[in-house]
$ cat model_16.pdb   # PDB, C-alpha atoms
ATOM      1  CA  MET B 512     -17.113-165.708-181.998
ATOM      2  CA  THR B 513     -15.815-162.213-182.720
ATOM      3  CA  ARG B 514     -13.563-162.208-185.773
ATOM      4  CA  LYS B 515     -10.134-160.649-185.450
ATOM      5  CA  ALA B 516      -8.331-158.777-188.181
ATOM      6  CA  LEU B 517      -4.753-157.526-188.361
ATOM      7  CA  ILE B 518      -4.069-154.605-190.706
ATOM      8  CA  THR B 519      -0.549-153.663-191.717
ATOM      9  CA  GLY B 520      -0.353-150.030-192.784
ATOM     10  CA  ILE B 521      -3.334-149.148-190.590
ATOM     11  CA  THR B 522      -2.185-145.520-190.289
ATOM     12  CA  GLY B 523      -2.420-145.042-194.068
ATOM     13  CA  GLN B 524      -5.440-144.115-196.161
ATOM     14  CA  ASP B 525      -6.565-147.660-196.981
ATOM     15  CA  GLY B 526      -5.775-149.085-193.559
ATOM     16  CA  SER B 527      -7.806-146.429-191.783
ATOM     17  CA  TYR B 528     -10.839-146.874-194.042
ATOM     18  CA  LEU B 529     -10.649-150.666-193.694
ATOM     19  CA  ALA B 530     -10.361-150.430-189.903
ATOM     20  CA  GLU B 531     -13.507-148.296-189.778
ATOM     21  CA  PHE B 532     -15.321-150.694-192.119
ATOM     22  CA  LEU B 533     -14.364-153.782-190.073
ATOM     23  CA  LEU B 534     -15.374-152.145-186.784
ATOM     24  CA  LYS B 535     -18.843-151.589-188.233
ATOM     25  CA  LYS B 536     -18.893-155.308-189.108
ATOM     26  CA  GLY B 537     -18.197-156.173-185.465
ATOM     27  CA  TYR B 538     -14.544-157.159-185.860
ATOM     28  CA  GLU B 539     -11.847-156.875-183.247
ATOM     29  CA  VAL B 540      -9.339-154.728-185.142
ATOM     30  CA  HIS B 541      -5.570-154.764-184.638
ATOM     31  CA  GLY B 542      -3.054-152.630-186.464
ATOM     32  CA  MET B 543       0.659-153.040-187.105
ATOM     33  CA  VAL B 544       2.691-149.837-186.773
ATOM     34  CA  ARG B 545       6.403-149.125-187.065
ATOM     35  CA  ARG B 546       8.335-147.735-184.111
ATOM     36  CA  ALA B 547       9.202-144.107-184.851
ATOM     37  CA  SER B 548      10.472-141.079-182.953
ATOM     38  CA  THR B 549       7.288-139.215-183.875
ATOM     39  CA  GLU B 550       3.882-140.862-184.136
ATOM     40  CA  ASN B 551       1.580-140.070-187.037
ATOM     41  CA  TYR B 552      -1.846-141.399-186.130
ATOM     42  CA  GLU B 553      -3.879-138.558-187.644
ATOM     43  CA  ARG B 554      -5.868-140.813-189.987
ATOM     44  CA  ILE B 555      -6.938-143.171-187.190
ATOM     45  CA  ASP B 556      -7.550-140.608-184.433
ATOM     46  CA  ARG B 557     -11.300-141.125-184.803
ATOM     47  CA  LEU B 558     -10.846-144.872-184.188
ATOM     48  CA  PHE B 559      -8.152-144.800-181.537
ATOM     49  CA  ASP B 560     -10.234-146.026-178.601
ATOM     50  CA  ARG B 561     -11.658-148.958-180.603
ATOM     51  CA  ILE B 562      -8.531-150.510-182.116
ATOM     52  CA  SER B 563      -5.343-152.089-180.750
ATOM     53  CA  LEU B 564      -1.946-151.127-182.137
ATOM     54  CA  HIS B 565       1.154-153.337-182.110
ATOM     55  CA  GLN B 566       4.712-152.388-183.005
ATOM     56  CA  ALA B 567       6.355-154.453-185.721
ATOM     57  CA  ASP B 568       8.182-153.872-188.988
ATOM     58  CA  LEU B 569       7.960-155.385-192.469
ATOM     59  CA  LEU B 570      11.764-155.508-192.454
ATOM     60  CA  ASP B 571      11.827-157.648-189.293
ATOM     61  CA  GLN B 572      10.492-161.185-189.703
ATOM     62  CA  LEU B 573      10.509-162.017-185.989
ATOM     63  CA  SER B 574       8.390-159.005-185.050
ATOM     64  CA  ILE B 575       5.706-160.064-187.549
ATOM     65  CA  VAL B 576       5.709-163.637-186.286
ATOM     66  CA  THR B 577       5.410-162.378-182.706
ATOM     67  CA  ILE B 578       2.323-160.205-183.232
ATOM     68  CA  ILE B 579       0.551-162.888-185.266
ATOM     69  CA  GLN B 580       1.225-165.361-182.450
ATOM     70  CA  GLU B 581      -0.111-162.882-179.898
ATOM     71  CA  ILE B 582      -3.230-161.801-181.790
ATOM     72  CA  ARG B 583      -4.114-165.008-183.665
ATOM     73  CA  PRO B 584      -6.159-163.080-186.246
ATOM     74  CA  HIS B 585      -8.631-164.715-188.581
ATOM     75  CA  GLU B 586      -7.712-162.284-191.369
ATOM     76  CA  VAL B 587      -4.583-160.300-192.243
ATOM     77  CA  TYR B 588      -4.728-157.344-194.641
ATOM     78  CA  ASN B 589      -1.381-156.139-195.975
ATOM     79  CA  PHE B 590      -1.571-152.467-196.908
ATOM     80  CA  ALA B 591       1.906-151.535-195.678
ATOM     81  CA  ALA B 592       4.357-150.549-198.422
ATOM     82  CA  GLN B 593       6.550-147.805-199.807
ATOM     83  CA  SER B 594       3.647-146.711-201.969
ATOM     84  CA  PHE B 595       4.692-143.410-203.583
ATOM     85  CA  VAL B 596       5.699-144.257-207.154
ATOM     86  CA  PRO B 597       8.138-141.338-207.795
ATOM     87  CA  ALA B 598      10.039-142.144-204.583
ATOM     88  CA  SER B 599      10.669-145.674-205.825
ATOM     89  CA  TRP B 600      13.216-144.366-208.336
ATOM     90  CA  SER B 601      15.197-142.569-205.626
ATOM     91  CA  GLN B 602      14.786-145.440-203.141
ATOM     92  CA  PRO B 603      14.556-148.612-205.265
ATOM     93  CA  LEU B 604      16.195-150.942-202.738
ATOM     94  CA  LEU B 605      14.044-149.771-199.831
ATOM     95  CA  THR B 606      10.969-150.055-202.045
ATOM     96  CA  GLY B 607      11.919-153.654-202.807
ATOM     97  CA  GLU B 608      12.467-154.477-199.141
ATOM     98  CA  PHE B 609       9.077-153.141-198.029
ATOM     99  CA  THR B 610       6.831-153.578-201.039
ATOM    100  CA  ALA B 611       8.178-156.915-202.322
ATOM    101  CA  LEU B 612      10.012-158.839-199.600
ATOM    102  CA  GLY B 613       7.739-157.408-196.899
ATOM    103  CA  VAL B 614       4.851-159.371-198.423
ATOM    104  CA  THR B 615       6.900-162.560-198.232
ATOM    105  CA  ARG B 616       7.714-161.952-194.575
ATOM    106  CA  VAL B 617       4.023-161.593-193.708
ATOM    107  CA  LEU B 618       3.061-164.681-195.691
ATOM    108  CA  GLU B 619       5.868-166.709-194.144
ATOM    109  CA  ALA B 620       4.849-165.559-190.653
ATOM    110  CA  ILE B 621       1.283-166.736-191.329
ATOM    111  CA  ARG B 622       2.533-170.057-192.689
ATOM    112  CA  LEU B 623       4.648-170.638-189.593
ATOM    113  CA  VAL B 624       2.024-169.610-187.015
ATOM    114  CA  ASP B 625      -1.307-170.636-188.559
ATOM    115  CA  PRO B 626      -1.712-171.310-192.305
ATOM    116  CA  SER B 627      -5.512-171.147-191.961
ATOM    117  CA  ILE B 628      -5.355-167.351-191.492
ATOM    118  CA  ARG B 629      -6.824-165.603-194.524
ATOM    119  CA  PHE B 630      -4.501-163.099-196.218
ATOM    120  CA  TYR B 631      -5.156-160.087-198.449
ATOM    121  CA  GLN B 632      -2.409-158.445-200.496
ATOM    122  CA  ALA B 633      -2.901-154.937-201.858
ATOM    123  CA  SER B 634      -1.652-155.284-205.429
ATOM    124  CA  SER B 635      -1.566-152.318-207.796
ATOM    125  CA  SER B 636      -2.576-151.327-211.310
ATOM    126  CA  GLU B 637       0.996-150.003-211.658
ATOM    127  CA  MET B 638       1.952-153.637-212.317
ATOM    128  CA  PHE B 639       0.334-153.286-215.762
ATOM    129  CA  GLY B 640       2.579-150.318-216.611
ATOM    130  CA  LYS B 641       3.090-150.384-220.372
ATOM    131  CA  VAL B 642      -0.354-151.844-220.867
ATOM    132  CA  GLN B 643      -0.874-154.719-223.285
ATOM    133  CA  GLN B 644      -4.654-154.348-223.576
ATOM    134  CA  GLU B 645      -7.441-152.005-222.532
ATOM    135  CA  PRO B 646      -9.173-152.261-220.206
ATOM    136  CA  GLN B 647      -6.906-154.327-217.972
ATOM    137  CA  ASN B 648      -8.308-157.414-216.250
ATOM    138  CA  GLU B 649      -6.946-160.326-214.226
ATOM    139  CA  GLU B 650      -5.490-161.960-217.354
ATOM    140  CA  THR B 651      -3.644-158.890-218.679
ATOM    141  CA  PRO B 652       0.170-159.396-218.657
ATOM    142  CA  PHE B 653       2.216-157.209-216.339
ATOM    143  CA  TRP B 654       4.809-154.769-217.696
ATOM    144  CA  PRO B 655       5.702-152.531-214.723
ATOM    145  CA  ARG B 656       7.426-149.209-215.479
ATOM    146  CA  SER B 657       8.763-148.244-212.039
ATOM    147  CA  PRO B 658      10.613-149.910-209.170
ATOM    148  CA  TYR B 659       7.322-149.640-207.264
ATOM    149  CA  GLY B 660       5.435-151.489-210.004
ATOM    150  CA  VAL B 661       8.130-154.180-210.154
ATOM    151  CA  ALA B 662       7.999-154.620-206.361
ATOM    152  CA  LYS B 663       4.205-154.865-206.428
ATOM    153  CA  ALA B 664       4.405-157.508-209.157
ATOM    154  CA  TYR B 665       6.719-159.550-206.922
ATOM    155  CA  GLY B 666       4.308-159.150-203.992
ATOM    156  CA  HIS B 667       1.436-160.246-206.201
ATOM    157  CA  TRP B 668       3.164-163.366-207.521
ATOM    158  CA  ILE B 669       4.564-164.431-204.155
ATOM    159  CA  THR B 670       0.982-164.320-202.858
ATOM    160  CA  VAL B 671      -0.100-166.589-205.718
ATOM    161  CA  ASN B 672       2.889-168.841-204.995
ATOM    162  CA  TYR B 673       2.037-169.283-201.305
ATOM    163  CA  ARG B 674      -1.565-170.041-202.263
ATOM    164  CA  GLU B 675      -0.499-172.703-204.739
ATOM    165  CA  SER B 676       2.427-174.089-202.724
ATOM    166  CA  TYR B 677       0.849-174.294-199.268
ATOM    167  CA  GLY B 678      -2.893-174.184-199.921
ATOM    168  CA  MET B 679      -3.198-170.868-198.053
ATOM    169  CA  PHE B 680      -6.227-168.618-198.435
ATOM    170  CA  ALA B 681      -4.263-165.761-200.007
ATOM    171  CA  CYS B 682      -5.869-163.177-202.292
ATOM    172  CA  SER B 683      -4.635-160.137-204.179
ATOM    173  CA  GLY B 684      -6.758-157.132-205.028
ATOM    174  CA  ILE B 685      -5.321-155.367-208.083
ATOM    175  CA  MET B 686      -6.444-151.922-207.038
ATOM    176  CA  PHE B 687      -6.528-149.098-209.521
ATOM    177  CA  ASN B 688      -5.991-145.543-208.253
ATOM    178  CA  HIS B 689      -8.168-144.879-205.241
ATOM    179  CA  GLU B 690      -8.280-141.537-203.473
ATOM    180  CA  SER B 691      -9.955-139.730-200.582
ATOM    181  CA  PRO B 692      -9.511-136.753-198.253
ATOM    182  CA  LEU B 693      -7.143-139.032-196.286
ATOM    183  CA  ARG B 694      -4.750-139.460-199.217
ATOM    184  CA  GLY B 695      -1.173-138.265-198.640
ATOM    185  CA  LYS B 696      -0.359-134.835-200.077
ATOM    186  CA  GLU B 697       2.450-136.285-202.207
ATOM    187  CA  PHE B 698      -0.100-138.088-204.418
ATOM    188  CA  VAL B 699      -1.332-136.043-207.370
ATOM    189  CA  SER B 700      -5.033-136.138-206.473
ATOM    190  CA  ARG B 701      -4.456-134.777-202.964
ATOM    191  CA  LYS B 702      -1.675-132.454-204.121
ATOM    192  CA  VAL B 703      -4.253-130.865-206.407
ATOM    193  CA  SER B 704      -7.120-130.695-203.884
ATOM    194  CA  ASP B 705      -4.847-129.252-201.188
ATOM    195  CA  ALA B 706      -3.398-126.650-203.570
ATOM    196  CA  VAL B 707      -6.844-125.651-204.854
ATOM    197  CA  ALA B 708      -8.015-125.038-201.273
ATOM    198  CA  ARG B 709      -4.916-122.989-200.457
ATOM    199  CA  ILE B 710      -5.105-120.964-203.668
ATOM    200  CA  LYS B 711      -8.810-120.263-203.144
ATOM    201  CA  LEU B 712      -8.121-119.037-199.603
ATOM    202  CA  GLY B 713      -5.106-116.948-200.611
ATOM    203  CA  VAL B 714      -2.506-119.095-198.855
ATOM    204  CA  GLN B 715      -0.768-120.318-202.033
ATOM    205  CA  GLU B 716      -0.299-118.876-205.522
ATOM    206  CA  LYS B 717       0.715-121.688-207.866
ATOM    207  CA  LEU B 718       0.380-125.449-208.294
ATOM    208  CA  THR B 719       3.301-127.181-210.030
ATOM    209  CA  LEU B 720       2.634-130.464-211.828
ATOM    210  CA  GLY B 721       4.241-132.821-214.337
ATOM    211  CA  ASN B 722       2.417-134.778-217.039
ATOM    212  CA  LEU B 723      -1.162-133.534-217.391
ATOM    213  CA  ASP B 724      -1.939-136.070-220.119
ATOM    214  CA  ALA B 725      -1.471-139.189-217.957
ATOM    215  CA  MET B 726      -4.788-141.002-217.568
ATOM    216  CA  ARG B 727      -5.923-143.052-214.592
ATOM    217  CA  ASP B 728      -8.954-144.961-213.367
ATOM    218  CA  TRP B 729      -9.735-143.069-210.140
ATOM    219  CA  GLY B 730     -12.123-144.379-207.472
ATOM    220  CA  PHE B 731     -12.894-143.815-203.787
ATOM    221  CA  ALA B 732     -10.719-145.633-201.247
ATOM    222  CA  GLY B 733     -13.689-146.282-198.959
ATOM    223  CA  ASP B 734     -15.346-148.308-201.717
ATOM    224  CA  TYR B 735     -12.196-150.278-202.501
ATOM    225  CA  VAL B 736     -11.508-151.581-198.988
ATOM    226  CA  GLU B 737     -14.941-153.222-199.021
ATOM    227  CA  ALA B 738     -13.807-155.204-202.074
ATOM    228  CA  ALA B 739     -10.766-156.381-200.080
ATOM    229  CA  TRP B 740     -13.013-157.634-197.276
ATOM    230  CA  ARG B 741     -15.355-159.368-199.720
ATOM    231  CA  MET B 742     -12.426-161.307-201.208
ATOM    232  CA  LEU B 743     -11.661-162.907-197.837
ATOM    233  CA  GLN B 744     -15.309-163.947-197.340
ATOM    234  CA  GLN B 745     -15.381-166.209-200.406
ATOM    235  CA  ASP B 746     -15.243-170.004-200.386
ATOM    236  CA  ARG B 747     -12.088-170.030-202.509
ATOM    237  CA  PRO B 748      -9.153-167.591-202.680
ATOM    238  CA  ASP B 749      -8.662-165.691-205.923
ATOM    239  CA  ASP B 750      -7.366-162.403-207.353
ATOM    240  CA  PHE B 751      -9.555-159.522-208.513
ATOM    241  CA  VAL B 752      -9.207-156.217-210.332
ATOM    242  CA  VAL B 753     -10.816-153.380-208.365
ATOM    243  CA  ALA B 754     -11.634-150.382-210.565
ATOM    244  CA  THR B 755     -14.391-148.104-211.863
ATOM    245  CA  GLY B 756     -13.854-148.855-215.563
ATOM    246  CA  ARG B 757     -13.529-145.137-216.396
ATOM    247  CA  LYS B 758     -10.330-143.180-217.014
ATOM    248  CA  HIS B 759      -9.636-139.458-216.714
ATOM    249  CA  SER B 760      -6.557-137.361-217.388
ATOM    250  CA  VAL B 761      -4.691-135.383-214.753
ATOM    251  CA  ARG B 762      -5.834-132.316-216.703
ATOM    252  CA  GLU B 763      -9.483-133.318-216.184
ATOM    253  CA  LEU B 764      -8.829-133.803-212.474
ATOM    254  CA  VAL B 765      -7.234-130.342-212.224
ATOM    255  CA  GLU B 766     -10.031-128.682-214.196
ATOM    256  CA  LEU B 767     -12.728-130.290-212.044
ATOM    257  CA  ALA B 768     -11.005-129.316-208.795
ATOM    258  CA  PHE B 769     -10.466-125.670-209.749
ATOM    259  CA  SER B 770     -13.913-125.240-211.308
ATOM    260  CA  HIS B 771     -15.464-126.506-208.074
ATOM    261  CA  VAL B 772     -14.237-123.330-206.340
ATOM    262  CA  GLY B 773     -14.890-121.031-209.305
ATOM    263  CA  LEU B 774     -11.289-120.685-210.509
ATOM    264  CA  GLU B 775      -9.711-121.076-213.954
ATOM    265  CA  TRP B 776      -6.998-123.706-213.603
ATOM    266  CA  ARG B 777      -4.771-122.283-216.355
ATOM    267  CA  ASP B 778      -4.222-119.157-214.240
ATOM    268  CA  HIS B 779      -2.694-121.158-211.398
ATOM    269  CA  VAL B 780      -0.953-124.273-212.781
ATOM    270  CA  ALA B 781       2.688-124.458-213.854
ATOM    271  CA  ILE B 782       4.412-127.429-215.501
ATOM    272  CA  ASP B 783       7.809-128.613-214.252
ATOM    273  CA  PRO B 784       9.582-131.169-216.507
ATOM    274  CA  LYS B 785      11.463-132.417-213.425
ATOM    275  CA  LEU B 786       8.189-133.933-212.209
ATOM    276  CA  MET B 787       7.922-136.190-215.258
ATOM    277  CA  ARG B 788       8.547-139.903-214.566
ATOM    278  CA  PRO B 789      11.661-141.562-216.049
ATOM    279  CA  ALA B 790       9.353-144.202-217.575
ATOM    280  CA  GLU B 791       5.769-143.024-217.839
ATOM    281  CA  VAL B 792       2.615-145.079-217.477
ATOM    282  CA  PHE B 793       0.365-143.227-219.893
ATOM    283  CA  ALA B 794      -3.073-144.738-219.300
ATOM    284  CA  LEU B 795      -4.696-147.265-216.963
ATOM    285  CA  ARG B 796      -8.329-148.407-216.972
ATOM    286  CA  GLY B 797      -9.554-151.463-215.114
ATOM    287  CA  ASP B 798     -12.162-154.076-215.928
ATOM    288  CA  ALA B 799     -13.736-155.087-212.599
ATOM    289  CA  SER B 800     -16.446-157.294-214.127
ATOM    290  CA  LYS B 801     -15.102-160.339-212.251
ATOM    291  CA  ALA B 802     -15.381-158.492-208.914
ATOM    292  CA  ARG B 803     -18.909-157.447-209.822
ATOM    293  CA  ARG B 804     -19.894-160.976-210.775
ATOM    294  CA  VAL B 805     -18.184-162.998-208.021
ATOM    295  CA  LEU B 806     -17.987-160.550-205.114
ATOM    296  CA  GLY B 807     -21.122-158.543-205.795
ATOM    297  CA  TRP B 808     -18.982-155.408-205.510
ATOM    298  CA  GLU B 809     -19.753-152.083-207.170
ATOM    299  CA  PRO B 810     -17.997-148.705-206.817
ATOM    300  CA  LYS B 811     -20.382-146.144-205.335
ATOM    301  CA  VAL B 812     -18.564-142.803-205.474
ATOM    302  CA  THR B 813     -17.906-141.392-208.952
ATOM    303  CA  PHE B 814     -14.906-139.346-210.074
ATOM    304  CA  GLU B 815     -17.185-136.307-210.413
ATOM    305  CA  GLU B 816     -18.217-136.700-206.751
ATOM    306  CA  LEU B 817     -14.829-137.677-205.382
ATOM    307  CA  ILE B 818     -12.675-134.712-206.443
ATOM    308  CA  PRO B 819     -15.051-131.985-205.150
ATOM    309  CA  ARG B 820     -15.371-133.955-201.901
ATOM    310  CA  MET B 821     -11.591-133.875-201.514
ATOM    311  CA  VAL B 822     -11.444-130.149-202.274
ATOM    312  CA  ASP B 823     -14.188-129.416-199.716
ATOM    313  CA  ALA B 824     -12.338-131.398-197.047
ATOM    314  CA  ASP B 825      -9.134-129.468-197.728
ATOM    315  CA  LEU B 826     -10.969-126.141-197.692
ATOM    316  CA  GLU B 827     -12.326-126.974-194.249
ATOM    317  CA  ARG B 828      -8.909-128.098-193.027
ATOM    318  CA  VAL B 829      -7.068-125.006-194.307
ATOM    319  CA  ARG B 830      -9.697-122.697-192.800
ATOM    320  CA  ARG B 831      -9.325-124.486-189.476
ATOM    321  CA  GLU B 832      -5.532-124.245-189.593
ATOM    322  CA  ARG B 833      -5.703-120.518-190.328
ATOM    323  CA  ALA B 834      -8.157-119.941-187.487
ATOM    324  CA  GLU B 835      -5.882-121.792-185.066
ATOM    325  CA  THR B 836      -2.896-119.604-185.944
ATOM    326  CA  MET B 837      -4.773-116.306-185.566
TER     327      MET B 837
END
$ encode --input "model_16.pdb" --output "structure tokens"
Amino acid sequence: MTRKALITGITGQDGSYLAEFLLKKGYEVHGMVRRASTENYERIDRLFDRISLHQADLLDQLSIVTIIQEIRPHEVYNFAAQSFVPASWSQPLLTGEFTALGVTRVLEAIRLVDPSIRFYQASSSEMFGKVQQEPQNEETPFWPRSPYGVAKAYGHWITVNYRESYGMFACSGIMFNHESPLRGKEFVSRKVSDAVARIKLGVQEKLTLGNLDAMRDWGFAGDYVEAAWRMLQQDRPDDFVVATGRKHSVRELVELAFSHVGLEWRDHVAIDPKLMRPAEVFALRGDASKARRVLGWEPKVTFEELIPRMVDADLERVRRERAETM
């Protein structure tokens, strides 16, 4: 029997990579999308004729129940969220509605329709925040430093609660930073790769950033969605850190991106104190030894491969955009 999967947030970076991965596994793939006046399906254009999209909203319980009743998926992957950390300070209530209570609405819909459906929650390393140990593993206490991190911690613990309260197969993947050419331009990795491409091609002069000393454990999104799938194939539900185990500063990321196109980053980067976070998370590095041992998962793409790959993709895109306007 063909397995069915429902992906919330399918139009985002992670949802699009997971959809492609599941199609290769022979799944029937369904995606949940919000009704909007303008459609943004750019990341899933390449998959459009092989997936089914359904309109629903994490703020609307009934709409989630309805699509789960209609599809009857074997697996549900929840990637939908307000996921841009800086925006969570300006929109803390909306962040809580989507990123925290939205998880509960999906879990409750599954419980009401068919509790045997397997559920994956995309948790975040931002839950660790003011880290209590390094590297961070599944036992490290949470100390979130943003409304986003707080909302993700709620989503994580409500997933654990539904697993323990109702015996549901509900897992959380505590994903450290994962990037790709499909990452939104508001995220620092893509902001840098896009700016480097534009500066190299003479379209832009400067790149403005905040804290260059912040350190993150950066991996490739395409690798990380495989870990999510592996979690739902186990005999027992559990939570796993997904990370590379290596950390790099924003400064290292910037230097690597600019050097890839033969430019000196100091000539093009400006610092704006307004881009500093109200409460900074200074360093995150994950210990994914449990995922390696139990899931057999390993990250394949290194930081040194990932950033140039993103720059090359943006160079190609900017060249194409310029050619189309000529």
$ closest_residue --input "model_16.pdb" --among "B:Gly666, B:Pro748, B:Phe793, B:Lys711" --to "Ala725 in chain B" --atoms "all atoms listed in the file"
B:Phe793
$ resolve_selection --input "model_16.pdb" --expression "the PyMOL selection byres ((chain B and resi 568-585) around 6)" --output "count of residues only"
9
$ closest_atom_pairs --input "model_16.pdb" --of "range 748-835 of chain B" --to "range 681-694 of chain B" --cutoff "12 Å" --atoms "all atoms listed in the file" --output "CSV"
residue,atom,partner,partner_atom,distance
B:Pro748,CA,B:Cys682,CA,5.5
B:Asp749,CA,B:Cys682,CA,5.2
B:Asp750,CA,B:Ser683,CA,4.8
B:Phe751,CA,B:Gly684,CA,5.1
B:Val752,CA,B:Ile685,CA,4.6
B:Val753,CA,B:Met686,CA,4.8
B:Ala754,CA,B:Phe687,CA,5.4
B:Thr755,CA,B:Phe687,CA,8.3
B:Gly756,CA,B:Phe687,CA,9.5
B:Arg757,CA,B:Phe687,CA,10.6
B:Lys758,CA,B:Asn688,CA,10.1
B:His759,CA,B:Asn688,CA,11.0
B:Leu764,CA,B:Glu690,CA,11.9
B:Ala794,CA,B:Phe687,CA,11.3
B:Leu795,CA,B:Phe687,CA,7.9
B:Arg796,CA,B:Phe687,CA,7.7
B:Gly797,CA,B:Phe687,CA,6.8
B:Asp798,CA,B:Phe687,CA,9.9
B:Ala799,CA,B:Ile685,CA,9.6
B:Lys801,CA,B:Gly684,CA,11.5
B:Ala802,CA,B:Gly684,CA,9.6
B:Leu806,CA,B:Gly684,CA,11.7
B:Pro810,CA,B:His689,CA,10.7
B:Val812,CA,B:Ser691,CA,10.4
B:Thr813,CA,B:His689,CA,11.0
B:Phe814,CA,B:Glu690,CA,9.6
B:Glu816,CA,B:Ser691,CA,10.7
B:Leu817,CA,B:Ser691,CA,7.1
B:Ile818,CA,B:Ser691,CA,8.2
B:Pro819,CA,B:Pro692,CA,10.0
B:Arg820,CA,B:Pro692,CA,7.4
B:Met821,CA,B:Pro692,CA,4.8
B:Val822,CA,B:Pro692,CA,8.0
B:Asp823,CA,B:Pro692,CA,8.8
B:Ala824,CA,B:Pro692,CA,6.2
B:Asp825,CA,B:Pro692,CA,7.3
B:Leu826,CA,B:Pro692,CA,10.7
B:Glu827,CA,B:Pro692,CA,10.9
B:Arg828,CA,B:Pro692,CA,10.1
$ closest_residue --input "model_16.pdb" --among "B:Tyr673, B:Val703, B:Asp728, B:Ala598" --to "Glu645 in chain B" --atoms "all atoms listed in the file"
B:Asp728
$ resolve_selection --input "model_16.pdb" --expression "the PyMOL selection byres ((chain B and resi 737) around 12)" --output "CSV table (one decimal) with C-alpha atoms, keeping the file's coordinate frame"
chain,number,residue,atom,x,y,z
B,525,ASP,CA,-6.6,-147.7,-197.0
B,526,GLY,CA,-5.8,-149.1,-193.6
B,528,TYR,CA,-10.8,-146.9,-194.0
B,529,LEU,CA,-10.6,-150.7,-193.7
B,530,ALA,CA,-10.4,-150.4,-189.9
B,531,GLU,CA,-13.5,-148.3,-189.8
B,532,PHE,CA,-15.3,-150.7,-192.1
B,533,LEU,CA,-14.4,-153.8,-190.1
B,535,LYS,CA,-18.8,-151.6,-188.2
B,536,LYS,CA,-18.9,-155.3,-189.1
B,588,TYR,CA,-4.7,-157.3,-194.6
B,631,TYR,CA,-5.2,-160.1,-198.4
B,684,GLY,CA,-6.8,-157.1,-205.0
B,686,MET,CA,-6.4,-151.9,-207.0
B,731,PHE,CA,-12.9,-143.8,-203.8
B,732,ALA,CA,-10.7,-145.6,-201.2
B,733,GLY,CA,-13.7,-146.3,-199.0
B,734,ASP,CA,-15.3,-148.3,-201.7
B,735,TYR,CA,-12.2,-150.3,-202.5
B,736,VAL,CA,-11.5,-151.6,-199.0
B,738,ALA,CA,-13.8,-155.2,-202.1
B,739,ALA,CA,-10.8,-156.4,-200.1
B,740,TRP,CA,-13.0,-157.6,-197.3
B,741,ARG,CA,-15.4,-159.4,-199.7
B,742,MET,CA,-12.4,-161.3,-201.2
B,743,LEU,CA,-11.7,-162.9,-197.8
B,744,GLN,CA,-15.3,-163.9,-197.3
B,753,VAL,CA,-10.8,-153.4,-208.4
B,802,ALA,CA,-15.4,-158.5,-208.9
B,806,LEU,CA,-18.0,-160.6,-205.1
B,807,GLY,CA,-21.1,-158.5,-205.8
B,808,TRP,CA,-19.0,-155.4,-205.5
B,809,GLU,CA,-19.8,-152.1,-207.2
B,810,PRO,CA,-18.0,-148.7,-206.8
B,811,LYS,CA,-20.4,-146.1,-205.3
$ atom_distance --input "model_16.pdb" --atom1 "CA of Val805 in chain B" --atom2 "CA of Met726 in chain B"
27.5 Å
$ atom_distance --input "model_16.pdb" --atom1 "CA of Pro655 in chain B" --atom2 "CA of Arg727 in chain B"
15.0 Å
$ resolve_selection --input "model_16.pdb" --expression "the PyMOL selection byres ((chain B and resi 644) around 12)" --output "list in words"
Phe639, Gly640, Lys641, Val642, Gln643, Glu645, Pro646, Gln647, Asn648, Glu649, Glu650, Thr651, Pro652, Phe653, Trp654, Ala794, Leu795, Arg796, Gly797 and Asp798 of chain B
$ atom_distance --input "model_16.pdb" --atom1 "CA of Arg514 in chain B" --atom2 "CA of Phe680 in chain B"
16.0 Å
